[in-house]
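**Q** To be precise about what I am sending: the file is called my_file_36.csv and holds CSV, C-alpha atoms.
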chain,number,residue,atom,x,y,z
A,12,MET,CA,25.4,-19.8,8.2
A,13,ARG,CA,24.2,-17.7,11.2
A,14,ALA,CA,21.7,-15.9,9.0
A,15,LYS,CA,20.4,-19.2,7.6
A,16,LEU,CA,19.9,-20.5,11.2
A,17,ILE,CA,18.1,-17.3,12.2
A,18,LEU,CA,15.9,-17.6,9.1
A,19,LEU,CA,15.1,-21.2,9.9
A,20,CYS,CA,14.2,-20.4,13.5
A,21,ALA,CA,12.0,-17.5,12.4
A,22,SER,CA,10.2,-19.7,9.9
A,23,LEU,CA,9.6,-22.4,12.6
A,24,LEU,CA,8.3,-19.8,15.0
A,25,ALA,CA,6.0,-18.4,12.4
A,26,GLY,CA,4.0,-21.6,12.4
A,27,GLY,CA,4.5,-24.6,10.2
A,28,PRO,CA,2.1,-27.4,9.3
A,29,ALA,CA,1.9,-28.5,12.9
A,30,ALA,CA,0.4,-25.1,13.9
A,31,ALA,CA,-2.2,-25.0,11.3
A,32,HIS,CA,-6.0,-24.9,10.8
A,33,ALA,CA,-6.5,-28.5,9.5
A,34,LEU,CA,-9.1,-31.2,9.2
A,35,PHE,CA,-8.0,-34.9,9.3
A,36,PRO,CA,-8.2,-37.0,7.4
A,37,ALA,CA,-8.6,-35.0,4.2
A,38,ARG,CA,-9.9,-37.9,2.3
A,39,GLN,CA,-11.8,-41.1,3.4
A,40,THR,CA,-14.1,-43.7,2.1
A,41,VAL,CA,-16.8,-45.3,4.2
A,42,HIS,CA,-18.6,-48.5,3.3
A,43,THR,CA,-22.0,-49.2,4.6
A,44,LEU,CA,-24.5,-52.0,4.5
A,45,GLY,CA,-27.3,-49.6,5.3
A,46,VAL,CA,-28.7,-46.4,3.7
A,47,GLN,CA,-26.5,-44.0,5.7
A,48,ALA,CA,-23.1,-43.8,7.3
A,49,TRP,CA,-21.3,-41.9,10.0
A,50,ALA,CA,-17.8,-40.4,9.6
A,51,THR,CA,-15.6,-38.8,12.2
A,52,LEU,CA,-13.2,-35.9,11.5
A,53,LYS,CA,-10.7,-34.3,13.7
A,54,ALA,CA,-10.6,-30.5,13.6
A,55,ILE,CA,-7.3,-29.0,14.6
A,56,ASN,CA,-6.9,-25.3,15.4
A,57,GLY,CA,-3.3,-24.1,15.2
A,58,ARG,CA,-4.4,-20.5,14.8
A,59,THR,CA,-3.5,-18.2,17.7
A,60,ASP,CA,-6.2,-15.6,16.9
A,61,ILE,CA,-9.3,-17.7,16.2
A,62,SER,CA,-11.4,-20.0,18.3
A,63,LYS,CA,-14.7,-20.3,16.6
A,64,PHE,CA,-15.5,-22.3,13.4
A,65,VAL,CA,-18.5,-23.1,11.4
A,66,VAL,CA,-18.8,-26.6,10.0
A,67,GLU,CA,-20.1,-26.7,6.4
A,68,VAL,CA,-21.1,-29.6,4.3
A,69,PHE,CA,-21.2,-29.4,0.5
A,70,GLU,CA,-22.0,-31.8,-2.3
A,71,GLY,CA,-18.6,-33.0,-3.4
A,72,ASP,CA,-19.0,-32.4,-7.1
A,73,SER,CA,-20.9,-29.1,-7.1
A,74,TRP,CA,-19.9,-27.3,-3.9
A,75,THR,CA,-23.6,-26.7,-3.2
A,76,PRO,CA,-24.9,-27.0,0.3
A,77,SER,CA,-25.6,-30.7,0.9
A,78,ARG,CA,-29.1,-32.0,1.4
A,79,SER,CA,-27.9,-35.5,2.2
A,80,ALA,CA,-25.4,-34.9,4.9
A,81,VAL,CA,-25.3,-33.1,8.2
A,82,ALA,CA,-22.4,-32.3,10.6
A,83,ILE,CA,-22.8,-32.5,14.3
A,84,PRO,CA,-22.1,-30.0,15.7
A,85,ASP,CA,-22.4,-27.4,13.0
A,86,ARG,CA,-20.4,-24.8,15.0
A,87,ILE,CA,-17.4,-25.7,17.1
A,88,THR,CA,-15.2,-23.8,19.5
A,89,VAL,CA,-11.6,-25.0,19.4
A,90,PRO,CA,-9.5,-22.8,21.7
A,91,ALA,CA,-6.8,-20.8,19.9
A,92,SER,CA,-3.3,-22.3,20.2
A,93,ARG,CA,-0.6,-20.9,22.4
A,94,LEU,CA,2.9,-20.7,21.1
A,95,GLY,CA,4.9,-23.7,22.1
A,96,GLU,CA,1.9,-25.8,22.9
A,97,ALA,CA,0.3,-28.5,20.8
A,98,PRO,CA,-2.8,-27.4,18.9
A,99,ILE,CA,-6.2,-28.4,20.5
A,100,THR,CA,-8.5,-30.7,18.6
A,101,ARG,CA,-12.2,-31.4,18.5
A,102,ASN,CA,-14.1,-34.2,16.8
A,103,VAL,CA,-16.8,-33.5,14.2
A,104,ARG,CA,-19.2,-36.3,13.2
A,105,VAL,CA,-21.0,-36.3,9.9
A,106,LEU,CA,-24.1,-38.3,9.0
A,107,ILE,CA,-24.3,-39.0,5.3
A,108,ARG,CA,-27.4,-40.5,3.7
A,109,LEU,CA,-27.1,-42.3,0.4
A,110,GLY,CA,-30.5,-41.2,-0.7
A,111,GLY,CA,-31.1,-44.1,-3.0
A,112,SER,CA,-27.7,-43.9,-4.8
A,113,LYS,CA,-24.9,-46.4,-4.4
A,114,GLU,CA,-22.3,-43.7,-3.7
A,115,ARG,CA,-22.3,-40.2,-2.2
A,116,ASP,CA,-19.5,-37.7,-2.2
A,117,VAL,CA,-19.5,-34.8,0.2
A,118,MET,CA,-17.0,-32.2,1.2
A,119,VAL,CA,-16.9,-31.2,4.9
A,120,CYS,CA,-15.2,-27.9,5.8
A,121,THR,CA,-14.4,-25.9,8.9
A,122,LYS,CA,-14.3,-22.2,8.3
A,123,SER,CA,-12.9,-19.7,10.8
A,124,ILE,CA,-15.1,-17.0,12.2
A,125,ASN,CA,-13.3,-13.8,12.8
A,126,GLU,CA,-14.8,-11.6,15.5
A,127,THR,CA,-11.9,-9.2,16.1
A,128,TYR,CA,-12.1,-5.8,14.4
A,129,VAL,CA,-9.3,-3.6,13.1
A,130,PRO,CA,-10.3,-0.8,10.7
A,131,SER,CA,-9.0,-0.6,7.1
A,132,GLN,CA,-8.1,-4.2,7.0
A,133,MET,CA,-8.5,-7.1,4.7
A,134,VAL,CA,-9.3,-10.0,6.9
A,135,VAL,CA,-8.1,-13.5,5.9
A,136,ASN,CA,-10.5,-16.3,6.8
A,137,THR,CA,-9.5,-19.9,6.5
A,138,ARG,CA,-11.5,-22.9,5.4
A,139,VAL,CA,-10.1,-26.4,5.2
A,140,CYS,CA,-12.0,-29.3,3.8
A,141,SER,CA,-12.2,-33.1,3.9
A,142,ARG,CA,-13.7,-35.2,1.2
A,143,ILE,CA,-15.9,-38.2,2.3
A,144,LYS,CA,-17.1,-40.9,0.0
A,145,VAL,CA,-19.8,-43.2,1.2
A,146,ARG,CA,-20.4,-46.5,-0.8
A,147,ALA,CA,-23.1,-49.0,-0.3
A,148,ILE,CA,-22.0,-52.6,-0.1
A,149,ALA,CA,-24.2,-54.4,-2.6
B,4,MET,CA,45.1,-84.2,13.1
B,5,ARG,CA,45.5,-81.5,10.4
B,6,GLN,CA,42.0,-82.2,9.1
B,7,TRP,CA,40.5,-81.7,12.6
B,8,LEU,CA,42.4,-78.4,12.8
B,9,VAL,CA,40.8,-77.2,9.5
B,10,LEU,CA,37.4,-78.3,10.7
B,11,ALA,CA,37.7,-76.4,13.9
B,12,LEU,CA,38.8,-73.3,12.1
B,13,CYS,CA,35.8,-73.5,9.9
B,14,LEU,CA,33.4,-73.9,12.9
B,15,CYS,CA,35.0,-71.0,14.8
B,16,GLY,CA,35.2,-68.7,11.8
B,17,ALA,CA,32.6,-66.1,10.8
B,18,PRO,CA,29.1,-67.4,10.7
B,19,PRO,CA,27.3,-67.6,7.4
B,20,ALA,CA,25.9,-64.2,6.4
B,21,PHE,CA,22.1,-64.3,6.5
B,22,GLY,CA,20.6,-61.0,5.5
B,23,GLN,CA,17.6,-59.8,7.6
B,24,THR,CA,15.6,-56.9,6.5
B,25,ILE,CA,13.8,-54.8,9.1
B,26,ASN,CA,11.0,-52.6,7.6
B,27,PHE,CA,9.8,-49.3,9.0
B,28,ASP,CA,6.3,-48.5,7.8
B,29,GLY,CA,4.5,-45.2,8.0
B,30,THR,CA,1.5,-43.5,6.5
B,31,ALA,CA,1.4,-39.8,5.5
B,32,SER,CA,-2.2,-38.5,5.8
B,33,ALA,CA,-3.6,-36.7,2.9
B,34,THR,CA,-4.2,-33.2,4.1
B,35,CYS,CA,-4.2,-29.5,3.1
B,36,SER,CA,-3.8,-27.2,6.1
B,37,LEU,CA,-3.7,-23.4,6.4
B,38,ALA,CA,-1.4,-21.6,8.9
B,39,GLY,CA,-0.1,-18.2,9.8
B,40,ALA,CA,-2.9,-16.1,8.4
B,41,THR,CA,-1.9,-12.5,8.3
B,42,ASN,CA,-4.5,-9.8,7.6
B,43,GLY,CA,-3.7,-7.2,4.9
B,44,SER,CA,-4.1,-3.5,5.1
B,45,LEU,CA,-5.8,-1.1,2.8
B,46,THR,CA,-5.2,2.6,2.0
B,47,LEU,CA,-7.5,5.0,0.3
B,48,GLY,CA,-6.1,6.5,-2.9
B,49,SER,CA,-5.6,10.2,-3.5
B,50,ASP,CA,-8.7,10.3,-5.7
B,51,LEU,CA,-10.7,9.3,-2.5
B,52,SER,CA,-12.7,6.7,-4.5
B,53,SER,CA,-10.3,3.8,-4.7
B,54,TRP,CA,-8.8,1.4,-2.2
B,55,ALA,CA,-5.5,-0.3,-2.7
B,56,THR,CA,-3.7,-3.0,-0.7
B,57,THR,CA,-0.6,-1.6,1.0
B,58,THR,CA,0.3,-4.8,2.8
B,59,PRO,CA,-0.9,-8.1,1.2
B,60,GLY,CA,-2.7,-10.7,3.3
B,61,THR,CA,-0.7,-13.8,3.5
B,62,ILE,CA,-1.2,-17.4,4.5
B,63,THR,CA,0.8,-20.6,4.4
B,64,ALA,CA,-0.9,-23.6,2.7
B,65,THR,CA,0.6,-27.0,3.2
B,66,ASN,CA,-0.6,-29.9,1.1
B,67,THR,CA,0.4,-33.5,1.0
B,68,THR,CA,-2.0,-34.4,-1.8
B,69,GLN,CA,-3.2,-32.6,-4.9
B,70,SER,CA,-5.5,-29.9,-3.7
B,71,SER,CA,-7.5,-26.9,-4.9
B,72,LEU,CA,-6.8,-23.5,-3.4
B,73,THR,CA,-9.7,-21.1,-3.7
B,74,VAL,CA,-9.7,-17.5,-2.6
B,75,THR,CA,-13.1,-15.9,-2.4
B,76,ARG,CA,-13.5,-12.2,-1.8
B,77,SER,CA,-16.5,-10.6,-0.2
B,78,GLY,CA,-18.8,-8.8,-2.6
B,79,SER,CA,-19.3,-5.9,-0.2
B,80,TRP,CA,-17.7,-4.2,2.8
B,81,SER,CA,-18.3,-6.1,6.1
B,82,VAL,CA,-17.7,-2.8,7.9
B,83,SER,CA,-18.3,0.6,6.4
B,84,PRO,CA,-19.9,3.9,7.4
B,85,SER,CA,-23.3,4.9,6.1
B,86,GLY,CA,-23.4,6.4,2.7
B,87,THR,CA,-20.6,4.3,1.4
B,88,PRO,CA,-20.9,4.1,-2.4
B,89,SER,CA,-21.3,0.8,-4.2
B,90,THR,CA,-17.8,-0.7,-4.6
B,91,THR,CA,-16.4,-3.0,-7.3
B,92,PHE,CA,-13.8,-5.3,-5.7
B,93,ALA,CA,-11.0,-7.2,-7.3
B,94,HIS,CA,-8.4,-9.5,-5.9
B,95,GLN,CA,-5.0,-10.8,-7.0
B,96,ILE,CA,-3.3,-13.9,-5.8
B,97,SER,CA,0.2,-15.3,-6.0
B,98,VAL,CA,1.6,-18.6,-4.7
B,99,SER,CA,5.3,-19.4,-4.1
B,100,GLY,CA,7.1,-22.2,-2.5
B,101,GLY,CA,6.1,-25.8,-3.2
B,102,ASN,CA,4.0,-24.6,-6.1
B,103,THR,CA,4.3,-21.5,-8.1
B,104,LEU,CA,1.2,-19.8,-9.4
B,105,SER,CA,0.6,-16.4,-10.7
B,106,ASP,CA,-2.8,-14.6,-10.7
B,107,SER,CA,-3.4,-15.5,-14.4
B,108,GLN,CA,-3.1,-19.2,-13.6
B,109,PHE,CA,-6.2,-19.1,-11.3
B,110,SER,CA,-9.6,-19.7,-12.9
B,111,THR,CA,-12.2,-17.1,-12.0
B,112,SER,CA,-15.8,-17.8,-11.1
B,113,ASN,CA,-17.9,-15.0,-9.7
B,114,ASN,CA,-16.0,-13.7,-6.6
B,115,ALA,CA,-13.7,-16.8,-6.4
B,116,LYS,CA,-10.4,-17.7,-8.0
B,117,THR,CA,-9.2,-21.3,-7.9
B,118,GLY,CA,-5.7,-22.7,-8.5
B,119,GLN,CA,-4.3,-26.1,-8.3
B,120,LEU,CA,-1.6,-27.2,-5.9
B,121,THR,CA,-0.3,-30.2,-7.9
B,122,SER,CA,2.9,-30.8,-6.0
B,123,PRO,CA,3.0,-31.6,-2.2
B,124,GLY,CA,4.7,-28.8,-0.4
B,125,VAL,CA,4.6,-25.6,1.7
B,126,ASN,CA,3.1,-22.7,-0.2
B,127,LEU,CA,3.1,-19.0,0.7
B,128,VAL,CA,-0.1,-17.4,-0.6
B,129,SER,CA,-0.2,-13.7,-1.0
B,130,ILE,CA,-3.5,-11.8,-1.6
B,131,SER,CA,-4.2,-8.2,-2.5
B,132,VAL,CA,-7.6,-6.6,-2.8
B,133,THR,CA,-8.7,-3.4,-4.6
B,134,GLY,CA,-11.9,-1.5,-4.4
B,135,THR,CA,-13.2,1.3,-6.6
B,136,ALA,CA,-16.3,3.4,-6.5
B,137,ALA,CA,-17.8,6.1,-8.7
B,138,SER,CA,-17.8,8.7,-5.9
B,139,PRO,CA,-15.6,9.5,-2.9
B,140,TYR,CA,-15.7,7.3,0.2
B,141,PRO,CA,-17.0,9.0,3.3
B,142,ALA,CA,-14.8,9.1,6.3
B,143,GLY,CA,-14.9,6.1,8.6
B,144,SER,CA,-13.7,2.6,9.1
B,145,TYR,CA,-13.7,0.0,6.4
B,146,ARG,CA,-13.2,-3.7,6.4
B,147,THR,CA,-13.4,-6.4,3.7
B,148,GLN,CA,-12.8,-10.2,4.0
B,149,VAL,CA,-11.4,-12.9,1.9
B,150,THR,CA,-11.7,-16.6,2.5
B,151,VAL,CA,-9.0,-19.0,1.6
B,152,THR,CA,-10.2,-22.6,1.0
B,153,CYS,CA,-8.0,-25.6,0.7
B,154,ALA,CA,-9.7,-28.8,-0.4
B,155,PRO,CA,-8.4,-32.1,-1.6
B,156,ASN,CA,-9.2,-32.9,-5.2
Give the structure from this file in structure tokens form.
**A**
Amino acid sequence: MRAKLILLCASLLAGGPAAAHALFPARQTVHTLGVQAWATLKAINGRTDISKFVVEVFEGDSWTPSRSAVAIPDRITVPASRLGEAPITRNVRVLIRLGGSKERDVMVCTKSINETYVPSQMVVNTRVCSRIKVRAIA
Amino acid sequence: MRQWLVLALCLCGAPPAFGQTINFDGTASATCSLAGATNGSLTLGSDLSSWATTTPGTITATNTTQSSLTVTRSGSWSVSPSGTPSTTFAHQISVSGGNTLSDSQFSTSNNAKTGQLTSPGVNLVSISVTGTAASPYPAGSYRTQVTVTCAPN
């Protein structure tokens, strides 16, 4: 019983979903009367070692860099979390142009930028994504 | 008199039972988050021309919706001394916890391997990297990177 409690505490301290690199919401649909739409995402940094992220926008079906959407800003600084404190968040806005089609599907991602250096290491970068669909109201 | 007594007992008795339902509504956001990234470590083999992972890199992926988990390795060293021979990299992945995936269950495309997190849950992702060359590696510091991507389907 005691061992299980210690294991539980250790796993909680190690950082659960609340202390994660995340992007909310992961999926959303925006309807527009015009030819473009804005969407807002919340970037959450639960990492304790990383503060800088690049914001990438891909076409949703092909993962190629998007020509129809742009994220503002395209680089964000979200201060690294401290143990015991709530993760810090920043908003990212995305402008998606329909480009003549009735629906556009893009994937917006925040990717960590690792600037620390330790030799003979395999560095793990993280990228989390959110899918945005924009539909024209006919 | 007796009838009045019965009526009074009826009125004073337990009230009729009307059920009242109180609802509690909530919404769980669709998300896939990554936490607890731990870098791995590499060791040069005794043949001096191959690198192996001694401590795997790990990360915890938490998904509340069906998501794709992609691990992309770098095609070259991000840090290496001059004269480093051309290196062929490979990486292996395993997932345990909410979803269980072995390396063979990932589809491979160029430098990326993609697996499906079909069940919501907390998943521990373990990543190993190997690198081989045709000639010995010169002395110096080496570093390679992998990028773990979690995206909703």
**Q** Looking at all atoms listed in the file, which of A:Ile61, A:Val89, A:Ile148, A:Ala48 is the one that sits closest to Ala40 (chain B)?
**A**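 The shortest atom-to-atom distance to Ala40 (chain B) comes from A:Ile61.
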**Q** As an exercise, work out the distance from CA of Ser32 (chain B) to CA of Gly60 (chain B) in Å and give it to one decimal place.
**A**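 A separation of 27.9 Å between them.
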**Q** Applying 9 Å and all atoms listed in the file, which residues near Val134 (chain A) remain after dropping the ones on its own chain fewer than 5 positions away? List them as a PyMOL selection string.
**A** (chain A and resi 125+129) or (chain B and resi 40-44+60+146-150)
**Q** Taking only C-alpha atoms into account, produce a table as a Markdown table in which each residue of chain A with an atom at most 6 Å from an atom of chain B appears once, together with its shortest atom pair and the distance in Å to one decimal, ordered by chain and rising number.
**A**
| residue | atom | partner | partner_atom | distance |
| --- | --- | --- | --- | --- |
| A:Gly26 | CA | B:Gly39 | CA | 5.9 |
| A:Ala31 | CA | B:Ala38 | CA | 4.2 |
| A:His32 | CA | B:Leu37 | CA | 5.2 |
| A:Ala33 | CA | B:Ser36 | CA | 4.5 |
| A:Ala37 | CA | B:Thr34 | CA | 4.8 |
| A:Pro130 | CA | B:Ser144 | CA | 5.1 |
| A:Ser131 | CA | B:Tyr145 | CA | 4.8 |
| A:Gln132 | CA | B:Ser44 | CA | 4.5 |
| A:Met133 | CA | B:Gly43 | CA | 4.8 |
| A:Val134 | CA | B:Gln148 | CA | 4.5 |
| A:Val135 | CA | B:Val149 | CA | 5.2 |
| A:Asn136 | CA | B:Thr150 | CA | 4.5 |
| A:Thr137 | CA | B:Val151 | CA | 5.0 |
| A:Arg138 | CA | B:Thr152 | CA | 4.6 |
| A:Val139 | CA | B:Cys153 | CA | 5.0 |
| A:Cys140 | CA | B:Ala154 | CA | 4.8 |
**Q** Which residue, A:Phe64, A:Thr40, A:Gln47, A:Ala149, has the smallest gap to Pro84 (chain A) when you use only C-alpha atoms?
**A**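 Using only C-alpha atoms, Pro84 (chain A) sits closest to A:Phe64.
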**Q** What does the distance between CA of Thr127 (chain A) and CA of Pro84 (chain B) come to in Å, to one decimal place?
**A**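 CA of Thr127 (chain A) sits 17.6 Å away from CA of Pro84 (chain B).
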**Q** For Asn102 (chain B), list every protein, DNA or RNA residue within 9 Å, evaluated using only C-alpha atoms, and leave out those in the same chain fewer than 5 positions away; present the list as a ChimeraX atom specification.
**A** /B:119-127
**Q** Given the selection you just returned, output its residues as a file containing C-alpha atoms, formatted as a PDB file, keeping the file's coordinate frame.
**A**
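And here is the file that came out, again.pdb:
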ATOM      1  CA  GLN B 119      -4.300 -26.100  -8.300  1.00  0.00           C
ATOM      2  CA  LEU B 120      -1.600 -27.200  -5.900  1.00  0.00           C
ATOM      3  CA  THR B 121      -0.300 -30.200  -7.900  1.00  0.00           C
ATOM      4  CA  SER B 122       2.900 -30.800  -6.000  1.00  0.00           C
ATOM      5  CA  PRO B 123       3.000 -31.600  -2.200  1.00  0.00           C
ATOM      6  CA  GLY B 124       4.700 -28.800  -0.400  1.00  0.00           C
ATOM      7  CA  VAL B 125       4.600 -25.600   1.700  1.00  0.00           C
ATOM      8  CA  ASN B 126       3.100 -22.700  -0.200  1.00  0.00           C
ATOM      9  CA  LEU B 127       3.100 -19.000   0.700  1.00  0.00           C
TER      10      LEU B 127
END
**Q** I'd like to know which of B:Ser129, B:Ser79, B:Ser53, B:Ser89 is closest to Ser105 (chain B), using all atoms listed in the file.
**A**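 Result for the nearest residue to Ser105 (chain B): B:Ser129.
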**Q** As an exercise, work out the distance from CA of Thr117 (chain B) to CA of Ser77 (chain B) in Å and give it to one decimal place.
**A**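 Calculated distance between CA of Thr117 (chain B) and CA of Ser77 (chain B) is 15.1 Å.
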**Q** Need to verify the contact set: Val103 (chain A), 10 Å, only C-alpha atoms, exclusion of same-chain residues closer than 6 positions in sequence. Can you return it as a ChimeraX atom specification?
**A** /A:34,50-54,66,82-87,119,121
**Q** Please produce a file of the residues just selected, as a compact mmCIF listing (two decimals), in the coordinates of the input, where the atoms kept are C-alpha atoms.
**A**
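And here is the file that came out, out19.txt:
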# COMPACT_ATOMS: atom_id res chain seq x y z
CA LEU A 34 -9.10 -31.20 9.20
CA ALA A 50 -17.80 -40.40 9.60
CA THR A 51 -15.60 -38.80 12.20
CA LEU A 52 -13.20 -35.90 11.50
CA LYS A 53 -10.70 -34.30 13.70
CA ALA A 54 -10.60 -30.50 13.60
CA VAL A 66 -18.80 -26.60 10.00
CA ALA A 82 -22.40 -32.30 10.60
CA ILE A 83 -22.80 -32.50 14.30
CA PRO A 84 -22.10 -30.00 15.70
CA ASP A 85 -22.40 -27.40 13.00
CA ARG A 86 -20.40 -24.80 15.00
CA ILE A 87 -17.40 -25.70 17.10
CA VAL A 119 -16.90 -31.20 4.90
CA THR A 121 -14.40 -25.90 8.90
**Q** Nearest residue to Lys116 (chain B) out of B:Leu104, B:Ile96, B:Ile25, B:Leu51, using all atoms listed in the file?
**A**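 Using all atoms listed in the file, the shortest distance to Lys116 (chain B) belongs to B:Ile96.
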